[in-house]
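A.B. asks: Handing you a structure now.
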Amino acid sequence: MVAPLKRSSDWQGDYDAIIDVRTPAEFADDHIPGAINLPVLSDDERVKVGTLHKQNAFEGRRLGAALISRNIADHLDRVLADKPPSWSPLIYCWRGGQRSGSLARVMAETGWVVTVLDGGYKTYRGHILDHLNPLAERLKPVLIQGPTGSAKTHILNAAKNEGIQCLDLEGLAVHRGSLLGFEPNQDQPSPRMFDSLIFDHLSQFDLDKPVLIEAESSKIGACQIPKGLWQIMQQAPKITISASLESRVEFLIRDYAHVIAEPERLDRLIDGMIKRHGHDVTQQWRDHVTHQRWNELVAALITEHYDPAYRQSASRKGGDVIGTLTTDRLDEAAIASLAKDLAGLMTKI
C-alpha cells in the first residue's frame, strides 16, 4: 500500500526521525539538531551533476537520477533496512524540492508515512534568523564568573544534576574560550550551526526560571554569541567562583593535559603573546615548557596573563554579583559541592 506523501513547514513536529538529504558538506555547515544525514548526492557527485547540467540540462538530470537512485538504494539496504512500517520521518533538502522529493517518493511507495519540509533548509534557517534573538531576550540568565582555572564549566555542568537549567556555550562552541581553548581532534561548528545549537537549547528551557550561563567574551574561539543573547548576558546577575591559585594550577594541569602533551603547539601559542608581554617574559614561559616545569608555567600564565585580563574585563561589565563561592580545592568532590551551593543561590532569585 502506498502511503500518502505529506508536506509541512513544521520541522518541530512529532516525527520519528529527521532526514537531511543534502551533501555531507552542507550537513556539516548546518542542519536541524538531531537530524541524520542520508545524502542522495555526495559532495563530488553534486558538483559533477551541476557542471554537466550547465552544459546539457537533460544529461545533467539523467546523471543526477542515476546517482540519486543508487544512493537511495544504498540507504534502503543499510540505514533504513530495520525501520518498521509505522516509522514516520521528516525529510528535507536545500529548498524542499528534487533531492528531498526523490527519497520521499521512494519511501512513500515503500509504505512509510513521509513528510517533506516545505521550503527545506531555507525554511528552517529563516525561522532561526527570525526567532533566535527574540527568544534569547526572554531568558532570565545568571552568569557564573571567575578567573581562568576556576572550573566554571565543570561547576556549571555539575549544576545540571541539581536541577538547574544550564546553557554551556563553550560546550556548544567546542572551545574553552581562551587562547589555549581548542579541543583536541574536534572542529568548532560553523556560525550557522552554532546558532542552531543555541536555539535548540533555548527552546527546551522553562523561560519562567533562571538559566545558568558561564560569563564569556562575545566570541568563543571562532564562534560569535548571538547579539540578543550577548546583550542580555551583559546585565545579568552574577555568581563568582573564587578559588586559590594552587587549586587553579592543579585543575588546569589536569584539564589541559592535551595541551601539555603537545609542547610544539604551546610554543606557537606563546608566539602570539610576545606583542603583549615582550620577549623576556615569553622566553621565561618557553623555558618552563622546555624543562616541563608545568606548575611554574601555569602559575605564571595565570598571574601574568589571564588574571590581569580577567580583572580588566570584569570591570567593564554590568550586572550585580549576588554571591561568591570560595574554595581551596577543585577536585571532583569540591566541584559537586560548589554546584550544590550554587543551586542554593539560584533558588533565591
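By order in the C-alpha cells, chains are A, B, ...; within a chain, residues start at 1; ligands start at 1, following the order shown.
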Would you tabulate, counting only C-alpha atoms, all residues of range 204-317 of chain A that have an atom at most 7 Å from an atom of range 137-155 of chain A, showing the closest pair of atoms and their distance in Å to one decimal, sorted by chain then ascending number, as a tab-separated table?

C.D. replies:
```
residue	atom	partner	partner_atom	distance
A:Leu207	CA	A:Leu139	CA	5.7
A:Lys209	CA	A:Lys140	CA	6.7
A:Pro210	CA	A:Lys140	CA	4.7
A:Val211	CA	A:Pro141	CA	4.8
A:Leu212	CA	A:Val142	CA	4.9
A:Ile213	CA	A:Leu143	CA	4.9
A:Glu214	CA	A:Ile144	CA	4.8
A:Ala215	CA	A:Gln145	CA	5.3
A:Gly228	CA	A:Glu137	CA	5.7
A:Leu229	CA	A:Glu137	CA	6.3
A:Ile232	CA	A:Glu137	CA	6.2
A:Met233	CA	A:Pro141	CA	6.5
A:Ala236	CA	A:Val142	CA	5.6
A:Pro237	CA	A:Val142	CA	5.3
A:Lys238	CA	A:Leu143	CA	4.6
A:Ile239	CA	A:Ile144	CA	4.9
A:Thr240	CA	A:Gln145	CA	4.8
A:Ile241	CA	A:Gly146	CA	4.9
A:Ser242	CA	A:Gly146	CA	6.4
A:Ala243	CA	A:Ser150	CA	6.0
A:Arg248	CA	A:Gly149	CA	4.7
A:Val249	CA	A:Gly149	CA	6.9
A:Phe251	CA	A:Gly149	CA	6.4
A:Leu252	CA	A:Gly149	CA	5.6
A:Tyr306	CA	A:Thr148	CA	6.3
A:Asp307	CA	A:Pro147	CA	6.1
A:Tyr310	CA	A:Pro147	CA	5.9
```

A.B. asks: I need the chosen residues saved as a PDB file, in the first residue's frame, with C-alpha atoms.

C.D. replies:
```pdb
ATOM      1  CA  LEU A 207      11.646  30.680  30.405  1.00  0.00           C
ATOM      2  CA  LYS A 209      13.014  30.010  35.539  1.00  0.00           C
ATOM      3  CA  PRO A 210      16.627  31.280  35.592  1.00  0.00           C
ATOM      4  CA  VAL A 211      19.237  29.813  33.268  1.00  0.00           C
ATOM      5  CA  LEU A 212      22.870  29.483  34.364  1.00  0.00           C
ATOM      6  CA  ILE A 213      25.424  30.586  31.743  1.00  0.00           C
ATOM      7  CA  GLU A 214      29.170  30.969  32.012  1.00  0.00           C
ATOM      8  CA  ALA A 215      30.380  34.546  31.589  1.00  0.00           C
ATOM      9  CA  GLY A 228      20.300  39.135  21.579  1.00  0.00           C
ATOM     10  CA  LEU A 229      21.843  36.596  23.943  1.00  0.00           C
ATOM     11  CA  ILE A 232      21.039  40.176  27.895  1.00  0.00           C
ATOM     12  CA  MET A 233      24.102  38.478  29.392  1.00  0.00           C
ATOM     13  CA  ALA A 236      22.657  39.561  34.140  1.00  0.00           C
ATOM     14  CA  PRO A 237      23.276  38.929  37.859  1.00  0.00           C
ATOM     15  CA  LYS A 238      26.494  37.035  38.579  1.00  0.00           C
ATOM     16  CA  ILE A 239      27.812  34.371  40.912  1.00  0.00           C
ATOM     17  CA  THR A 240      31.578  34.461  41.369  1.00  0.00           C
ATOM     18  CA  ILE A 241      33.839  31.460  41.903  1.00  0.00           C
ATOM     19  CA  SER A 242      36.877  32.400  43.998  1.00  0.00           C
ATOM     20  CA  ALA A 243      39.471  29.622  44.078  1.00  0.00           C
ATOM     21  CA  ARG A 248      43.555  26.550  39.914  1.00  0.00           C
ATOM     22  CA  VAL A 249      47.038  25.453  38.864  1.00  0.00           C
ATOM     23  CA  PHE A 251      42.943  21.970  37.967  1.00  0.00           C
ATOM     24  CA  LEU A 252      44.378  23.462  34.758  1.00  0.00           C
ATOM     25  CA  TYR A 306      44.950  35.554  32.481  1.00  0.00           C
ATOM     26  CA  ASP A 307      44.196  37.287  35.795  1.00  0.00           C
ATOM     27  CA  TYR A 310      40.018  38.896  33.697  1.00  0.00           C
TER      28      TYR A 310
END
```

A.B. asks: Which residues come within 12 Å of Asp341 in chain A, counting only C-alpha atoms, excluding same-chain residues fewer than 4 positions away, as an MDAnalysis selection string?

C.D. replies: chainID A and resid 155:156 158:159 162 164 239:241 323:327 334:337 345:348

A.B. asks: For Leu67 in chain A, which of A:Ala108, A:Leu5, A:Val259, A:Val40 is the closest residue, counting only C-alpha atoms?

C.D. replies: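 That would be A:Val40, the residue with the smallest distance to Leu67 in chain A.
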
A.B. asks: Do you know which residues are at most 7 Å from Ser8 in chain A counting only C-alpha atoms, after dropping those on the same chain fewer than 6 positions away, and could you put them as number ranges by chain?

C.D. replies: A: 115-118

A.B. asks: Once DSSP has gone over the backbone, tell me which residues of range 177-320 of chain A are in strand (DSSP E), as a PyMOL selection string.

C.D. replies: chain A and resi 211-214+219-220+223-224+238-243

A.B. asks: Just N, CA and C atoms for this one: save the residues we selected as a PDB file, in the first residue's frame.

C.D. replies:
```pdb
ATOM      1  N   VAL A 211      18.343  30.683  34.031  1.00  0.00           N
ATOM      2  CA  VAL A 211      19.237  29.813  33.268  1.00  0.00           C
ATOM      3  C   VAL A 211      20.674  30.210  33.599  1.00  0.00           C
ATOM      4  N   LEU A 212      21.478  29.239  34.008  1.00  0.00           N
ATOM      5  CA  LEU A 212      22.870  29.483  34.364  1.00  0.00           C
ATOM      6  C   LEU A 212      23.742  29.438  33.106  1.00  0.00           C
ATOM      7  N   ILE A 213      24.540  30.480  32.909  1.00  0.00           N
ATOM      8  CA  ILE A 213      25.424  30.586  31.743  1.00  0.00           C
ATOM      9  C   ILE A 213      26.791  31.047  32.230  1.00  0.00           C
ATOM     10  N   GLU A 214      27.836  30.501  31.663  1.00  0.00           N
ATOM     11  CA  GLU A 214      29.170  30.969  32.012  1.00  0.00           C
ATOM     12  C   GLU A 214      29.432  32.323  31.366  1.00  0.00           C
ATOM     13  N   LYS A 219      32.968  36.367  21.630  1.00  0.00           N
ATOM     14  CA  LYS A 219      33.367  35.279  20.744  1.00  0.00           C
ATOM     15  C   LYS A 219      34.013  34.168  21.558  1.00  0.00           C
ATOM     16  N   ILE A 220      33.663  32.943  21.231  1.00  0.00           N
ATOM     17  CA  ILE A 220      34.271  31.767  21.855  1.00  0.00           C
ATOM     18  C   ILE A 220      35.045  31.064  20.752  1.00  0.00           C
ATOM     19  N   CYS A 223      33.463  31.265  17.216  1.00  0.00           N
ATOM     20  CA  CYS A 223      32.003  31.322  17.294  1.00  0.00           C
ATOM     21  C   CYS A 223      31.536  32.611  17.963  1.00  0.00           C
ATOM     22  N   GLN A 224      30.625  33.321  17.306  1.00  0.00           N
ATOM     23  CA  GLN A 224      30.088  34.574  17.814  1.00  0.00           C
ATOM     24  C   GLN A 224      28.784  34.300  18.554  1.00  0.00           C
ATOM     25  N   LYS A 238      25.337  37.919  38.671  1.00  0.00           N
ATOM     26  CA  LYS A 238      26.494  37.035  38.579  1.00  0.00           C
ATOM     27  C   LYS A 238      26.768  36.337  39.902  1.00  0.00           C
ATOM     28  N   ILE A 239      27.288  35.124  39.766  1.00  0.00           N
ATOM     29  CA  ILE A 239      27.812  34.371  40.912  1.00  0.00           C
ATOM     30  C   ILE A 239      29.279  34.130  40.632  1.00  0.00           C
ATOM     31  N   THR A 240      30.134  34.531  41.573  1.00  0.00           N
ATOM     32  CA  THR A 240      31.578  34.461  41.369  1.00  0.00           C
ATOM     33  C   THR A 240      32.166  33.229  42.039  1.00  0.00           C
ATOM     34  N   ILE A 241      33.057  32.550  41.329  1.00  0.00           N
ATOM     35  CA  ILE A 241      33.839  31.460  41.903  1.00  0.00           C
ATOM     36  C   ILE A 241      35.213  32.019  42.261  1.00  0.00           C
ATOM     37  N   SER A 242      35.574  31.928  43.532  1.00  0.00           N
ATOM     38  CA  SER A 242      36.877  32.400  43.998  1.00  0.00           C
ATOM     39  C   SER A 242      37.668  31.202  44.502  1.00  0.00           C
ATOM     40  N   ALA A 243      38.675  30.801  43.733  1.00  0.00           N
ATOM     41  CA  ALA A 243      39.471  29.622  44.078  1.00  0.00           C
ATOM     42  C   ALA A 243      40.925  30.028  44.290  1.00  0.00           C
TER      43      ALA A 243
END
```

A.B. asks: Tell me, as JSON, numbers by chain, which residues lie within 8 Å of range 199-204 of chain A, counting only C-alpha atoms; anything in the same chain fewer than 4 positions away does not count.

C.D. replies: {"A": [33, 128, 132, 135, 136, 167, 195]}

A.B. asks: Take the residues that were just selected and, keeping C-alpha atoms, output them as a PDB file, in the first residue's frame.

C.D. replies:
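Wrote it out as selection11.pdb, contents follow:
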```pdb
ATOM      1  CA  PRO A  33      19.823  19.413  15.528  1.00  0.00           C
ATOM      2  CA  ILE A 128      16.264  30.638  13.313  1.00  0.00           C
ATOM      3  CA  LEU A 132      16.771  33.303  17.906  1.00  0.00           C
ATOM      4  CA  LEU A 135      13.856  34.000  22.236  1.00  0.00           C
ATOM      5  CA  ALA A 136      17.212  34.814  23.866  1.00  0.00           C
ATOM      6  CA  LEU A 167      23.478  26.721  28.819  1.00  0.00           C
ATOM      7  CA  ASP A 195      23.093  29.405  16.095  1.00  0.00           C
TER       8      ASP A 195
END
```

A.B. asks: Near Lys122 in chain A, within 9 Å and counting only C-alpha atoms, which residues show up once chain neighbours fewer than 5 positions away are dropped, as an mmCIF file with C-alpha atoms, in the first residue's frame?

C.D. replies:
```cif
data_model
loop_
_atom_site.group_PDB
_atom_site.id
_atom_site.type_symbol
_atom_site.label_atom_id
_atom_site.label_comp_id
_atom_site.auth_asym_id
_atom_site.auth_seq_id
_atom_site.Cartn_x
_atom_site.Cartn_y
_atom_site.Cartn_z
ATOM 1 C CA CYS A 93 16.967 19.300 1.359
ATOM 2 C CA TRP A 94 18.016 22.853 0.466
ATOM 3 C CA ARG A 95 14.631 24.120 -0.760
ATOM 4 C CA GLY A 96 12.373 21.099 -0.285
ATOM 5 C CA HIS A 127 12.970 30.545 11.401
#
```

A.B. asks: Kindly give the distance, in Å, that separates CA of Arg61 in chain A and CA of Thr123 in chain A, rounded to a single decimal.

C.D. replies: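 CA of Thr123 in chain A lies 25.0 Å from CA of Arg61 in chain A.
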
A.B. asks: Which residue is closest to Asp206 in chain A? Choose from A:Gln165, A:Glu246, A:Arg125, A:Leu338 and count only C-alpha atoms.

C.D. replies: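 Under the stated criterion, the closest residue is A:Gln165.
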
A.B. asks: So the first atom is CA of Leu63 in chain A and the second is CA of Val49 in chain A; what is the distance between them in Å, to one decimal place?

C.D. replies: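 CA of Leu63 in chain A sits 6.5 Å away from CA of Val49 in chain A.
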
A.B. asks: From a DSSP calculation on the backbone, collect every residue of range 57-276 of chain A in helix (DSSP H, G or I) and output the set as JSON, numbers by chain.

C.D. replies: {"A": [57, 58, 59, 60, 61, 62, 63, 64, 65, 66, 67, 68, 69, 70, 71, 72, 73, 74, 75, 76, 77, 98, 99, 100, 101, 102, 103, 104, 105, 106, 107, 108, 109, 110, 120, 121, 122, 123, 124, 125, 126, 127, 128, 129, 130, 131, 132, 133, 134, 135, 136, 152, 153, 154, 155, 156, 157, 158, 159, 160, 161, 162, 169, 170, 171, 172, 173, 191, 192, 193, 194, 195, 196, 197, 198, 199, 200, 201, 202, 203, 227, 228, 229, 230, 231, 232, 233, 234, 245, 246, 247, 248, 249, 250, 251, 252, 253, 254, 255, 257, 258, 259, 260, 263, 264, 265, 266, 267, 268, 269, 270, 271, 274, 275, 276]}

A.B. asks: In Å, rounded to a single decimal, give me how far CA of Ser86 in chain A is from CA of Gly13 in chain A.

C.D. replies: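 Separating CA of Gly13 in chain A from CA of Ser86 in chain A is a distance of 16.0 Å.
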
A.B. asks: Considering only C-alpha atoms, state which residue in the set A:His288, A:Leu76, A:Lys340, A:Glu183 is at the smallest distance from Asn161 in chain A.

C.D. replies: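 Checking each candidate against Asn161 in chain A, we get A:Lys340 as the closest.
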
A.B. asks: Hey, which of A:Ala104, A:Ala343, A:Leu90, A:Val47 ends up closest to Ile72 in chain A? Count only C-alpha atoms.

C.D. replies: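 Of A:Ala104, A:Ala343, A:Leu90, A:Val47, the one nearest Ile72 in chain A is A:Ala104, counting only C-alpha atoms.
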